[in-house]
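Below is the file run.cif, which contains mmCIF, C-alpha atoms (C1' of nucleotides).
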data_upload
loop_
_atom_site.label_atom_id
_atom_site.label_comp_id
_atom_site.auth_asym_id
_atom_site.auth_seq_id
_atom_site.Cartn_x
_atom_site.Cartn_y
_atom_site.Cartn_z
CA MET B 1 -51.46 12.04 -26.99
CA LYS B 2 -50.99 9.06 -24.67
CA ASP B 3 -53.79 7.21 -26.37
CA ASN B 4 -53.71 5.93 -29.90
CA ASN B 5 -57.16 7.40 -30.27
CA ASP B 6 -55.69 10.87 -30.02
CA MET B 7 -53.48 10.27 -33.01
CA PRO B 8 -55.03 11.14 -36.35
CA GLY B 9 -52.56 8.80 -38.03
CA HIS B 10 -53.80 5.85 -36.02
CA LEU B 11 -57.42 6.77 -36.72
CA ALA B 12 -56.57 6.99 -40.41
CA ARG B 13 -55.21 3.46 -40.37
CA ARG B 14 -58.22 2.05 -38.55
CA PHE B 15 -60.73 3.80 -40.78
CA GLN B 16 -58.99 2.56 -43.90
CA GLN B 17 -58.74 -0.94 -42.45
CA ILE B 18 -62.49 -1.04 -41.89
CA ALA B 19 -63.20 0.53 -45.27
CA VAL B 20 -61.31 -2.22 -47.09
CA ALA B 21 -62.94 -4.98 -45.05
CA VAL B 22 -66.44 -3.62 -45.72
CA PHE B 23 -65.72 -3.15 -49.42
CA LEU B 24 -64.43 -6.68 -49.88
CA ALA B 25 -67.31 -8.18 -47.93
CA GLU B 26 -69.97 -6.35 -49.93
CA VAL B 27 -68.35 -7.06 -53.28
CA GLU B 28 -67.86 -10.72 -52.48
CA GLU B 29 -71.46 -11.04 -51.40
CA ALA B 30 -72.43 -9.65 -54.80
CA GLY B 31 -70.41 -12.46 -56.36
CA PHE B 32 -67.37 -10.49 -57.52
CA ASP B 33 -63.67 -10.61 -56.81
CA LEU B 34 -62.47 -7.01 -56.99
CA THR B 35 -60.36 -5.03 -54.54
CA PRO B 36 -61.01 -1.34 -53.82
CA VAL B 37 -57.91 -0.45 -55.80
CA GLN B 38 -58.94 -2.58 -58.77
CA TYR B 39 -62.42 -1.06 -58.72
CA ALA B 40 -61.14 2.51 -58.74
CA ALA B 41 -58.75 1.74 -61.56
CA LEU B 42 -61.42 0.00 -63.61
CA ALA B 43 -63.92 2.85 -63.17
CA THR B 44 -61.31 5.41 -64.13
CA ILE B 45 -60.21 3.45 -67.19
CA LYS B 46 -63.81 3.27 -68.33
CA ALA B 47 -64.31 7.01 -67.87
CA ASN B 48 -61.12 7.88 -69.78
CA PRO B 49 -60.61 5.83 -72.93
CA SER B 50 -57.03 5.21 -74.06
CA LEU B 51 -55.64 6.33 -70.74
CA ASP B 52 -51.95 5.70 -70.12
CA GLN B 53 -50.74 4.23 -66.84
CA VAL B 54 -49.05 7.31 -65.41
CA THR B 55 -52.11 9.47 -65.98
CA LEU B 56 -54.32 6.80 -64.46
CA ALA B 57 -52.04 6.69 -61.43
CA GLY B 58 -52.33 10.46 -61.04
CA LEU B 59 -56.10 10.47 -61.32
CA ILE B 60 -56.52 8.06 -58.42
CA ALA B 61 -53.33 8.85 -56.50
CA TYR B 62 -51.57 5.53 -56.87
CA ASP B 63 -47.87 5.06 -57.10
CA ARG B 64 -46.80 4.26 -60.64
CA THR B 65 -45.00 1.14 -59.48
CA THR B 66 -48.16 -0.12 -57.80
CA ILE B 67 -50.28 0.43 -60.90
CA THR B 68 -48.29 -2.10 -62.89
CA GLY B 69 -49.40 -5.02 -60.75
CA VAL B 70 -52.98 -3.78 -60.47
CA ILE B 71 -53.32 -3.60 -64.24
CA ASP B 72 -51.67 -6.99 -64.59
CA ARG B 73 -54.45 -8.48 -62.49
CA LEU B 74 -57.24 -6.60 -64.28
CA VAL B 75 -55.86 -7.78 -67.61
CA GLN B 76 -55.57 -11.33 -66.33
CA LYS B 77 -59.22 -11.22 -65.26
CA GLY B 78 -60.16 -10.07 -68.75
CA LEU B 79 -61.56 -6.72 -67.57
CA VAL B 80 -58.97 -4.46 -69.19
CA GLU B 81 -56.80 -4.49 -72.30
CA ARG B 82 -53.29 -3.05 -72.34
CA ARG B 83 -51.73 -2.18 -75.65
CA ALA B 84 -48.82 -0.13 -76.90
CA SER B 85 -49.57 3.49 -77.67
CA SER B 86 -49.11 4.56 -81.25
CA ARG B 87 -48.19 8.12 -80.34
CA ASP B 88 -45.62 7.35 -77.64
CA ARG B 89 -43.91 4.01 -77.78
CA ARG B 90 -43.00 4.19 -74.10
CA ALA B 91 -46.64 4.36 -73.06
CA ARG B 92 -49.37 1.74 -72.78
CA GLU B 93 -52.96 2.56 -73.59
CA LEU B 94 -55.59 1.04 -71.35
CA GLU B 95 -59.08 0.10 -72.49
CA ILE B 96 -61.95 -1.49 -70.60
CA THR B 97 -63.38 -4.66 -72.15
CA GLY B 98 -67.02 -5.59 -72.55
CA GLU B 99 -66.67 -7.92 -69.63
CA GLY B 100 -65.10 -5.09 -67.66
CA ARG B 101 -68.09 -2.89 -68.37
CA ARG B 102 -70.49 -5.60 -67.28
CA ALA B 103 -68.58 -6.26 -64.05
CA LEU B 104 -68.41 -2.56 -63.27
CA ARG B 105 -72.14 -2.11 -63.79
CA LYS B 106 -73.11 -5.12 -61.73
CA VAL B 107 -70.77 -4.42 -58.84
CA THR B 108 -71.68 -0.76 -58.41
CA PRO B 109 -74.58 -1.34 -55.99
CA ALA B 110 -72.27 -3.31 -53.70
CA VAL B 111 -69.73 -0.49 -53.78
CA LYS B 112 -72.37 2.07 -52.87
CA SER B 113 -73.60 -0.17 -50.11
CA ALA B 114 -70.08 -0.40 -48.74
CA GLN B 115 -69.83 3.40 -48.54
CA ARG B 116 -73.08 3.54 -46.58
CA ILE B 117 -71.96 0.84 -44.16
CA LEU B 118 -68.66 2.61 -43.57
CA LEU B 119 -70.54 5.67 -42.32
CA ARG B 120 -73.30 3.80 -40.52
CA GLY B 121 -72.28 5.13 -37.11
CA LEU B 122 -72.77 8.72 -38.25
CA SER B 123 -75.80 10.82 -39.09
CA ALA B 124 -76.13 12.02 -42.66
CA LYS B 125 -74.92 15.43 -41.60
CA GLU B 126 -71.96 13.98 -39.73
CA GLY B 127 -71.05 11.82 -42.70
CA GLU B 128 -70.98 14.87 -44.94
CA GLU B 129 -68.89 16.76 -42.44
CA LEU B 130 -66.42 13.90 -42.12
CA MET B 131 -65.99 13.80 -45.88
CA ARG B 132 -65.54 17.55 -46.05
CA LEU B 133 -62.83 17.52 -43.39
CA LEU B 134 -61.07 14.57 -44.97
CA ARG B 135 -61.08 16.28 -48.35
CA LYS B 136 -59.65 19.43 -46.80
CA ALA B 137 -56.90 17.63 -44.87
CA ILE B 138 -56.05 15.54 -47.94
CA ALA B 139 -55.86 18.59 -50.20
CA ALA B 140 -53.40 20.23 -47.81
CA GLY B 141 -51.26 17.09 -47.68
CA ASN B 142 -51.59 16.01 -51.28
CA ASP B 143 -47.96 16.60 -52.22
CA LEU B 144 -46.57 14.90 -49.12
CA SER B 145 -46.98 11.40 -50.51
CA ARG B 146 -45.06 9.93 -53.41
CA ALA B 147 -48.34 9.37 -55.26
CA PRO B 148 -50.24 12.68 -55.21
CA LEU B 149 -53.55 13.21 -56.94
CA ARG B 150 -53.08 14.84 -60.35
CA ASP B 151 -55.42 16.33 -62.91
CA MET B 152 -55.86 15.06 -66.42
CA PRO B 153 -53.11 16.66 -68.52
CA ALA B 154 -54.45 19.12 -71.08
CA MET I 155 -70.98 9.29 -56.33
CA LYS I 156 -69.44 9.84 -59.75
CA ASP I 157 -66.34 11.27 -58.19
CA ASN I 158 -63.89 9.38 -56.05
CA ASN I 159 -64.01 12.32 -53.71
CA ASP I 160 -67.57 11.42 -52.82
CA MET I 161 -66.54 7.98 -51.62
CA PRO I 162 -65.54 7.81 -47.98
CA GLY I 163 -63.56 4.65 -48.75
CA HIS I 164 -61.42 6.49 -51.26
CA LEU I 165 -60.88 9.38 -48.86
CA ALA I 166 -59.89 6.89 -46.18
CA ARG I 167 -57.22 5.44 -48.46
CA ARG I 168 -55.81 8.85 -49.38
CA PHE I 169 -55.75 10.10 -45.81
CA GLN I 170 -53.96 6.97 -44.63
CA GLN I 171 -51.54 7.18 -47.55
CA ILE I 172 -50.58 10.73 -46.58
CA ALA I 173 -50.41 9.84 -42.89
CA VAL I 174 -47.86 7.10 -43.53
CA ALA I 175 -45.77 9.29 -45.82
CA VAL I 176 -45.68 12.12 -43.28
CA PHE I 177 -44.85 9.76 -40.44
CA LEU I 178 -41.96 8.13 -42.27
CA ALA I 179 -40.58 11.49 -43.40
CA GLU I 180 -40.62 12.99 -39.91
CA VAL I 181 -39.17 9.91 -38.26
CA GLU I 182 -36.43 9.58 -40.84
CA GLU I 183 -35.51 13.23 -40.44
CA ALA I 184 -35.13 12.55 -36.73
CA GLY I 185 -32.66 9.81 -37.64
CA PHE I 186 -34.82 6.75 -36.97
CA ASP I 187 -36.05 3.86 -39.03
CA LEU I 188 -39.48 2.98 -37.61
CA THR I 189 -42.77 2.46 -39.41
CA PRO I 190 -46.09 3.65 -37.94
CA VAL I 191 -47.00 0.07 -37.17
CA GLN I 192 -43.70 -0.62 -35.45
CA TYR I 193 -44.00 2.56 -33.41
CA ALA I 194 -47.49 1.71 -32.18
CA ALA I 195 -46.41 -1.81 -31.26
CA LEU I 196 -43.32 -0.57 -29.45
CA ALA I 197 -45.24 2.04 -27.46
CA THR I 198 -47.87 -0.52 -26.49
CA ILE I 199 -45.28 -3.09 -25.45
CA LYS I 200 -43.62 -0.49 -23.25
CA ALA I 201 -46.92 0.44 -21.62
CA ASN I 202 -47.86 -3.19 -20.94
CA PRO I 203 -44.98 -5.30 -19.64
CA SER I 204 -45.04 -9.03 -20.43
CA LEU I 205 -47.71 -8.58 -23.05
CA ASP I 206 -48.48 -11.55 -25.28
CA GLN I 207 -48.83 -11.14 -29.04
CA VAL I 208 -52.56 -11.70 -29.33
CA THR I 209 -53.34 -9.14 -26.64
CA LEU I 210 -50.98 -6.68 -28.26
CA ALA I 211 -52.72 -7.22 -31.59
CA GLY I 212 -56.09 -6.51 -29.97
CA LEU I 213 -54.87 -3.33 -28.28
CA ILE I 214 -53.79 -1.76 -31.56
CA ALA I 215 -56.17 -3.56 -33.94
CA TYR I 216 -53.64 -5.56 -35.91
CA ASP I 217 -54.21 -8.95 -37.36
CA ARG I 218 -52.40 -11.64 -35.37
CA THR I 219 -50.67 -12.89 -38.50
CA THR I 220 -49.33 -9.40 -39.20
CA ILE I 221 -47.98 -8.99 -35.69
CA THR I 222 -45.56 -11.88 -36.11
CA GLY I 223 -43.54 -10.07 -38.77
CA VAL I 224 -43.71 -6.71 -37.02
CA ILE I 225 -42.29 -8.21 -33.83
CA ASP I 226 -39.66 -10.08 -35.83
CA ARG I 227 -38.38 -6.78 -37.13
CA LEU I 228 -38.52 -5.04 -33.74
CA VAL I 229 -36.57 -7.94 -32.22
CA GLN I 230 -34.07 -7.84 -35.05
CA LYS I 231 -33.51 -4.12 -34.40
CA GLY I 232 -32.89 -4.91 -30.75
CA LEU I 233 -35.84 -2.84 -29.54
CA VAL I 234 -37.95 -5.72 -28.17
CA GLU I 235 -37.34 -9.10 -26.57
CA ARG I 236 -39.59 -12.08 -27.23
CA ARG I 237 -39.51 -14.97 -24.80
CA ALA I 238 -41.67 -17.96 -23.97
CA SER I 239 -44.30 -17.42 -21.32
CA SER I 240 -43.96 -19.46 -18.18
CA ARG I 241 -47.70 -19.62 -17.56
CA ASP I 242 -48.78 -20.63 -21.06
CA ARG I 243 -46.34 -22.46 -23.24
CA ARG I 244 -48.20 -21.43 -26.37
CA ALA I 245 -47.68 -17.72 -25.68
CA ARG I 246 -44.73 -15.38 -26.07
CA GLU I 247 -44.10 -12.55 -23.65
CA LEU I 248 -42.88 -9.29 -25.13
CA GLU I 249 -40.60 -6.85 -23.33
CA ILE I 250 -39.12 -3.57 -24.47
CA THR I 251 -35.33 -3.30 -24.22
CA GLY I 252 -33.30 -0.38 -22.94
CA GLU I 253 -32.52 0.55 -26.49
CA GLY I 254 -36.22 0.32 -27.30
CA ARG I 255 -36.99 2.78 -24.52
CA ARG I 256 -34.36 5.18 -25.74
CA ALA I 257 -35.60 5.01 -29.33
CA LEU I 258 -39.18 5.53 -28.24
CA ARG I 259 -38.29 8.56 -26.16
CA LYS I 260 -36.18 10.17 -28.84
CA VAL I 261 -38.61 9.56 -31.68
CA THR I 262 -41.69 10.85 -29.91
CA PRO I 263 -41.27 14.52 -30.96
CA ALA I 264 -41.13 13.42 -34.60
CA VAL I 265 -44.30 11.39 -34.17
CA LYS I 266 -46.11 14.33 -32.63
CA SER I 267 -44.88 16.56 -35.39
CA ALA I 268 -46.26 14.13 -37.96
CA GLN I 269 -49.71 14.29 -36.37
CA ARG I 270 -49.66 18.09 -36.58
CA ILE I 271 -48.57 18.07 -40.20
CA LEU I 272 -51.30 15.60 -41.09
CA LEU I 273 -53.92 18.09 -39.87
CA ARG I 274 -52.19 21.20 -41.09
CA GLY I 275 -54.97 22.04 -43.54
CA LEU I 276 -57.53 22.21 -40.73
CA SER I 277 -58.16 24.63 -37.90
CA ALA I 278 -57.72 23.29 -34.38
CA LYS I 279 -61.46 22.99 -34.03
CA GLU I 280 -61.79 21.19 -37.36
CA GLY I 281 -59.00 18.81 -36.42
CA GLU I 282 -60.81 17.91 -33.22
CA GLU I 283 -64.06 17.42 -35.09
CA LEU I 284 -62.37 15.19 -37.67
CA MET I 285 -60.95 12.99 -34.94
CA ARG I 286 -64.30 12.82 -33.18
CA LEU I 287 -66.10 11.73 -36.34
CA LEU I 288 -63.41 9.19 -37.21
CA ARG I 289 -63.59 7.71 -33.71
CA LYS I 290 -67.36 7.46 -33.99
CA ALA I 291 -67.34 5.83 -37.43
CA ILE I 292 -64.57 3.46 -36.37
CA ALA I 293 -66.40 2.43 -33.21
CA ALA I 294 -69.48 1.55 -35.24
CA GLY I 295 -67.43 -0.50 -37.69
CA ASN I 296 -64.95 -2.04 -35.26
CA ASP I 297 -66.18 -5.60 -35.65
CA LEU I 298 -66.31 -5.47 -39.43
CA SER I 299 -62.58 -6.07 -39.86
CA ARG I 300 -60.72 -9.26 -39.03
CA ALA I 301 -58.56 -7.31 -36.58
CA PRO I 302 -60.93 -5.37 -34.31
CA LEU I 303 -59.75 -3.27 -31.40
CA ARG I 304 -59.98 -5.19 -28.12
CA ASP I 305 -59.62 -4.25 -24.49
CA MET I 306 -56.99 -5.66 -22.17
CA PRO I 307 -58.37 -8.96 -20.83
CA ALA I 308 -59.15 -8.83 -17.11
"C1'" DT J 309 -28.08 17.95 -84.74
"C1'" DG J 310 -26.22 16.24 -80.52
"C1'" DA J 311 -25.93 16.16 -75.66
"C1'" DT J 312 -28.87 16.25 -71.73
"C1'" DA J 313 -32.83 15.90 -69.17
"C1'" DT J 314 -37.19 13.99 -68.65
"C1'" DT J 315 -40.73 10.67 -69.01
"C1'" DG J 316 -43.32 5.89 -69.14
"C1'" DC J 317 -42.81 1.71 -67.49
"C1'" DT J 318 -40.86 -2.29 -65.17
"C1'" DC J 319 -38.36 -4.78 -61.63
"C1'" DA J 320 -36.18 -6.18 -57.09
"C1'" DG J 321 -36.63 -5.63 -52.43
"C1'" DT J 322 -39.13 -4.50 -48.09
"C1'" DA J 323 -43.29 -3.85 -45.06
"C1'" DT J 324 -47.95 -4.03 -44.10
"C1'" DG J 325 -52.56 -6.62 -44.15
"C1'" DC J 326 -55.41 -10.23 -45.21
"C1'" DT J 327 -57.24 -15.61 -45.88
"C1'" DG J 328 -56.77 -20.09 -44.71
"C1'" DA J 329 -54.30 -23.87 -42.84
"C1'" DC J 330 -51.46 -26.02 -39.41
"C1'" DT J 331 -49.09 -27.21 -34.82
"C1'" DA J 332 -48.89 -27.06 -30.03
"C1'" DT J 333 -51.14 -26.22 -26.03
"C1'" DC J 334 -54.77 -25.31 -22.89
"C1'" DA J 335 -59.56 -25.61 -20.95
"C1'" DG J 336 -63.94 -27.69 -20.19
"C1'" DT J 337 -66.58 -31.64 -19.81
"C1'" DA J 338 -68.52 -36.24 -20.19
"C1'" DT A 339 -58.99 -39.32 -17.81
"C1'" DA A 340 -60.19 -39.07 -22.72
"C1'" DC A 341 -62.56 -36.18 -25.93
"C1'" DT A 342 -63.71 -31.82 -27.79
"C1'" DG A 343 -63.27 -27.27 -28.62
"C1'" DA A 344 -60.84 -23.07 -28.21
"C1'" DT A 345 -56.55 -20.46 -28.21
"C1'" DA A 346 -51.41 -18.68 -29.33
"C1'" DG A 347 -48.48 -18.53 -32.76
"C1'" DT A 348 -46.57 -19.46 -37.34
"C1'" DC A 349 -46.55 -20.14 -42.27
"C1'" DA A 350 -47.71 -19.91 -47.34
"C1'" DG A 351 -49.89 -17.19 -50.58
"C1'" DC A 352 -51.83 -12.99 -52.44
"C1'" DA A 353 -52.54 -7.82 -52.95
"C1'" DT A 354 -51.38 -3.25 -51.93
"C1'" DA A 355 -47.68 0.54 -51.27
"C1'" DC A 356 -43.31 2.23 -51.16
"C1'" DT A 357 -37.81 3.04 -52.38
"C1'" DG A 358 -34.51 2.95 -55.63
"C1'" DA A 359 -32.62 1.41 -59.90
"C1'" DG A 360 -32.78 0.64 -64.66
"C1'" DC A 361 -34.24 0.64 -69.79
"C1'" DA A 362 -36.27 2.68 -73.71
"C1'" DA A 363 -38.14 6.52 -75.79
"C1'" DT A 364 -39.20 11.38 -76.08
"C1'" DA A 365 -38.43 16.32 -75.33
"C1'" DT A 366 -35.50 20.24 -74.91
"C1'" DC A 367 -32.13 23.28 -75.93
"C1'" DA A 368 -27.40 24.87 -76.86
#
Written as structure tokens, that's how I'd like the structure from this file.
Amino acid sequence: MKDNNDMPGHLARRFQQIAVAVFLAEVEEAGFDLTPVQYAALATIKANPSLDQVTLAGLIAYDRTTITGVIDRLVQKGLVERRASSRDRRARELEITGEGRRALRKVTPAVKSAQRILLRGLSAKEGEELMRLLRKAIAAGNDLSRAPLRDMPA
Amino acid sequence: MKDNNDMPGHLARRFQQIAVAVFLAEVEEAGFDLTPVQYAALATIKANPSLDQVTLAGLIAYDRTTITGVIDRLVQKGLVERRASSRDRRARELEITGEGRRALRKVTPAVKSAQRILLRGLSAKEGEELMRLLRKAIAAGNDLSRAPLRDMPA
DNA sequence: TGATATTGCTCAGTATGCTGACTATCAGTA
DNA sequence: TACTGATAGTCAGCATACTGAGCAATATCA
């Protein structure tokens, strides 16, 4: 435990640091200006029409206070619309715009490329194993962060 | 690739998110107010007397612009001293204080505990394998981020 | 129904992390 | 030595993430 490299927490930070750098580089090369967080939100909004912000946050494990700013920026870029819910006047319904759909479609190859680059030091089998172990560790720790992953409410 | 759980980048973010939450919770329970970043900096400053900021950044893979604020806060807490270097008037030499040493010693059990909790969903063998795969992927991607890990200069 | 608790969202404040720009200094070389 | 390039550090600006507080609206239950 002397070395940082023996600390899973340090390795987590480094891996995430590289993941973000690779994502941004690939997406920028494809001519887009989207962060990993914005991409995940946009994809999830597209897959779940009329989603409210809290449910969105749960689906991708963001803090609800973080989501506000992320949506602000997606709205400002014209990729998402935010409107009051008719059923619950506290809630906002989110909808992807046509431009949002186009951006999502066009940027997807860059996102996939980023995932490949992130695992480029590993064999296919090792990459699978890494993902399996991460999923398992994350599942066990899900409720330890303020922003746990949550299912769609019934 | 439909699911976020198939994206290593997403898993990286979640794992790091949980790692930080666990770290802060354990450290706070031990009665300290130190972030993961501050802890790593403090431990590295202790291990390398008269370190300058750029070398410190390289040893723990921080951006040099991030280090400035981290050191500011460590200095403000009285855990580190920052003084001008005599050899190079551009550089600042960093030194841990007595209080910094005490804090580091007392907080170490909490840090170790956090690492165990982070891997609590995995067997010992799986934990080792996860760390091995992370190290391998990180090594292959080291130069893809603006703040790569660097060795001590000779 | 009326009091209470909960929920959806926002905001202020703090701490990473990054880009890009700038100053001061140092190092190498013509 | 004067010029050029590289280096150490800081700063402004932007985007996550979090804590804690607050407001408005809804849900629950005595």
**Message:** I need the contact residues of chain J against chain I, so if you could list those with any atom within 10 Å, counting all atoms listed in the file, and return them as a PyMOL selection string, that would help.
**Reply:** chain J and resi 323-327+332-334
**Message:** At a cut-off of 6 Å, which residues of chain B touch chain I? Count all atoms listed in the file and give the answer as a PyMOL selection string.
**Reply:** chain B and resi 9+12-13+15-16+18-19+21+119+121+137-138+140+145
Requested write-out: C-alpha atoms of the selected residues, as a CSV table (one decimal), keeping the file's coordinate frame:
chain,number,residue,atom,x,y,z
B,9,GLY,CA,-52.6,8.8,-38.0
B,12,ALA,CA,-56.6,7.0,-40.4
B,13,ARG,CA,-55.2,3.5,-40.4
B,15,PHE,CA,-60.7,3.8,-40.8
B,16,GLN,CA,-59.0,2.6,-43.9
B,18,ILE,CA,-62.5,-1.0,-41.9
B,19,ALA,CA,-63.2,0.5,-45.3
B,21,ALA,CA,-62.9,-5.0,-45.0
B,119,LEU,CA,-70.5,5.7,-42.3
B,121,GLY,CA,-72.3,5.1,-37.1
B,137,ALA,CA,-56.9,17.6,-44.9
B,138,ILE,CA,-56.0,15.5,-47.9
B,140,ALA,CA,-53.4,20.2,-47.8
B,145,SER,CA,-47.0,11.4,-50.5
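From atom CA of Val80 of chain B back to atom CA of Asn48 of chain B, the distance works out to 12.5 Å.
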Quick one: contact table of chain A to chain B, 7 Å max, nearest atom pair and distance in Å to one decimal per residue, counting all atoms listed in the file, chain and number order, as a Markdown table?
| residue | atom | partner | partner_atom | distance |
| --- | --- | --- | --- | --- |
| A:DA355 | C1' | B:Thr66 | CA | 6.6 |
| A:DA362 | C1' | B:Arg90 | CA | 6.9 |
| A:DA363 | C1' | B:Arg90 | CA | 5.6 |
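Once DA338 of chain J and its same-chain neighbours fewer than 5 positions away are set aside, A:DT339, A:DA340, A:DC341, A:DT342 remain within 12 Å of it when counting all atoms listed in the file.
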Those residues with C-alpha atoms (C1' of nucleotides), as a PDB file, in the coordinates of the input please?
ATOM      1  C1'  DT A 339     -58.990 -39.320 -17.810  1.00  0.00           C
ATOM      2  C1'  DA A 340     -60.190 -39.070 -22.720  1.00  0.00           C
ATOM      3  C1'  DC A 341     -62.560 -36.180 -25.930  1.00  0.00           C
ATOM      4  C1'  DT A 342     -63.710 -31.820 -27.790  1.00  0.00           C
TER       5       DT A 342
END
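Of note, atom CA of Asp226 of chain I and atom CA of Gln192 of chain I are spaced 10.3 Å apart.
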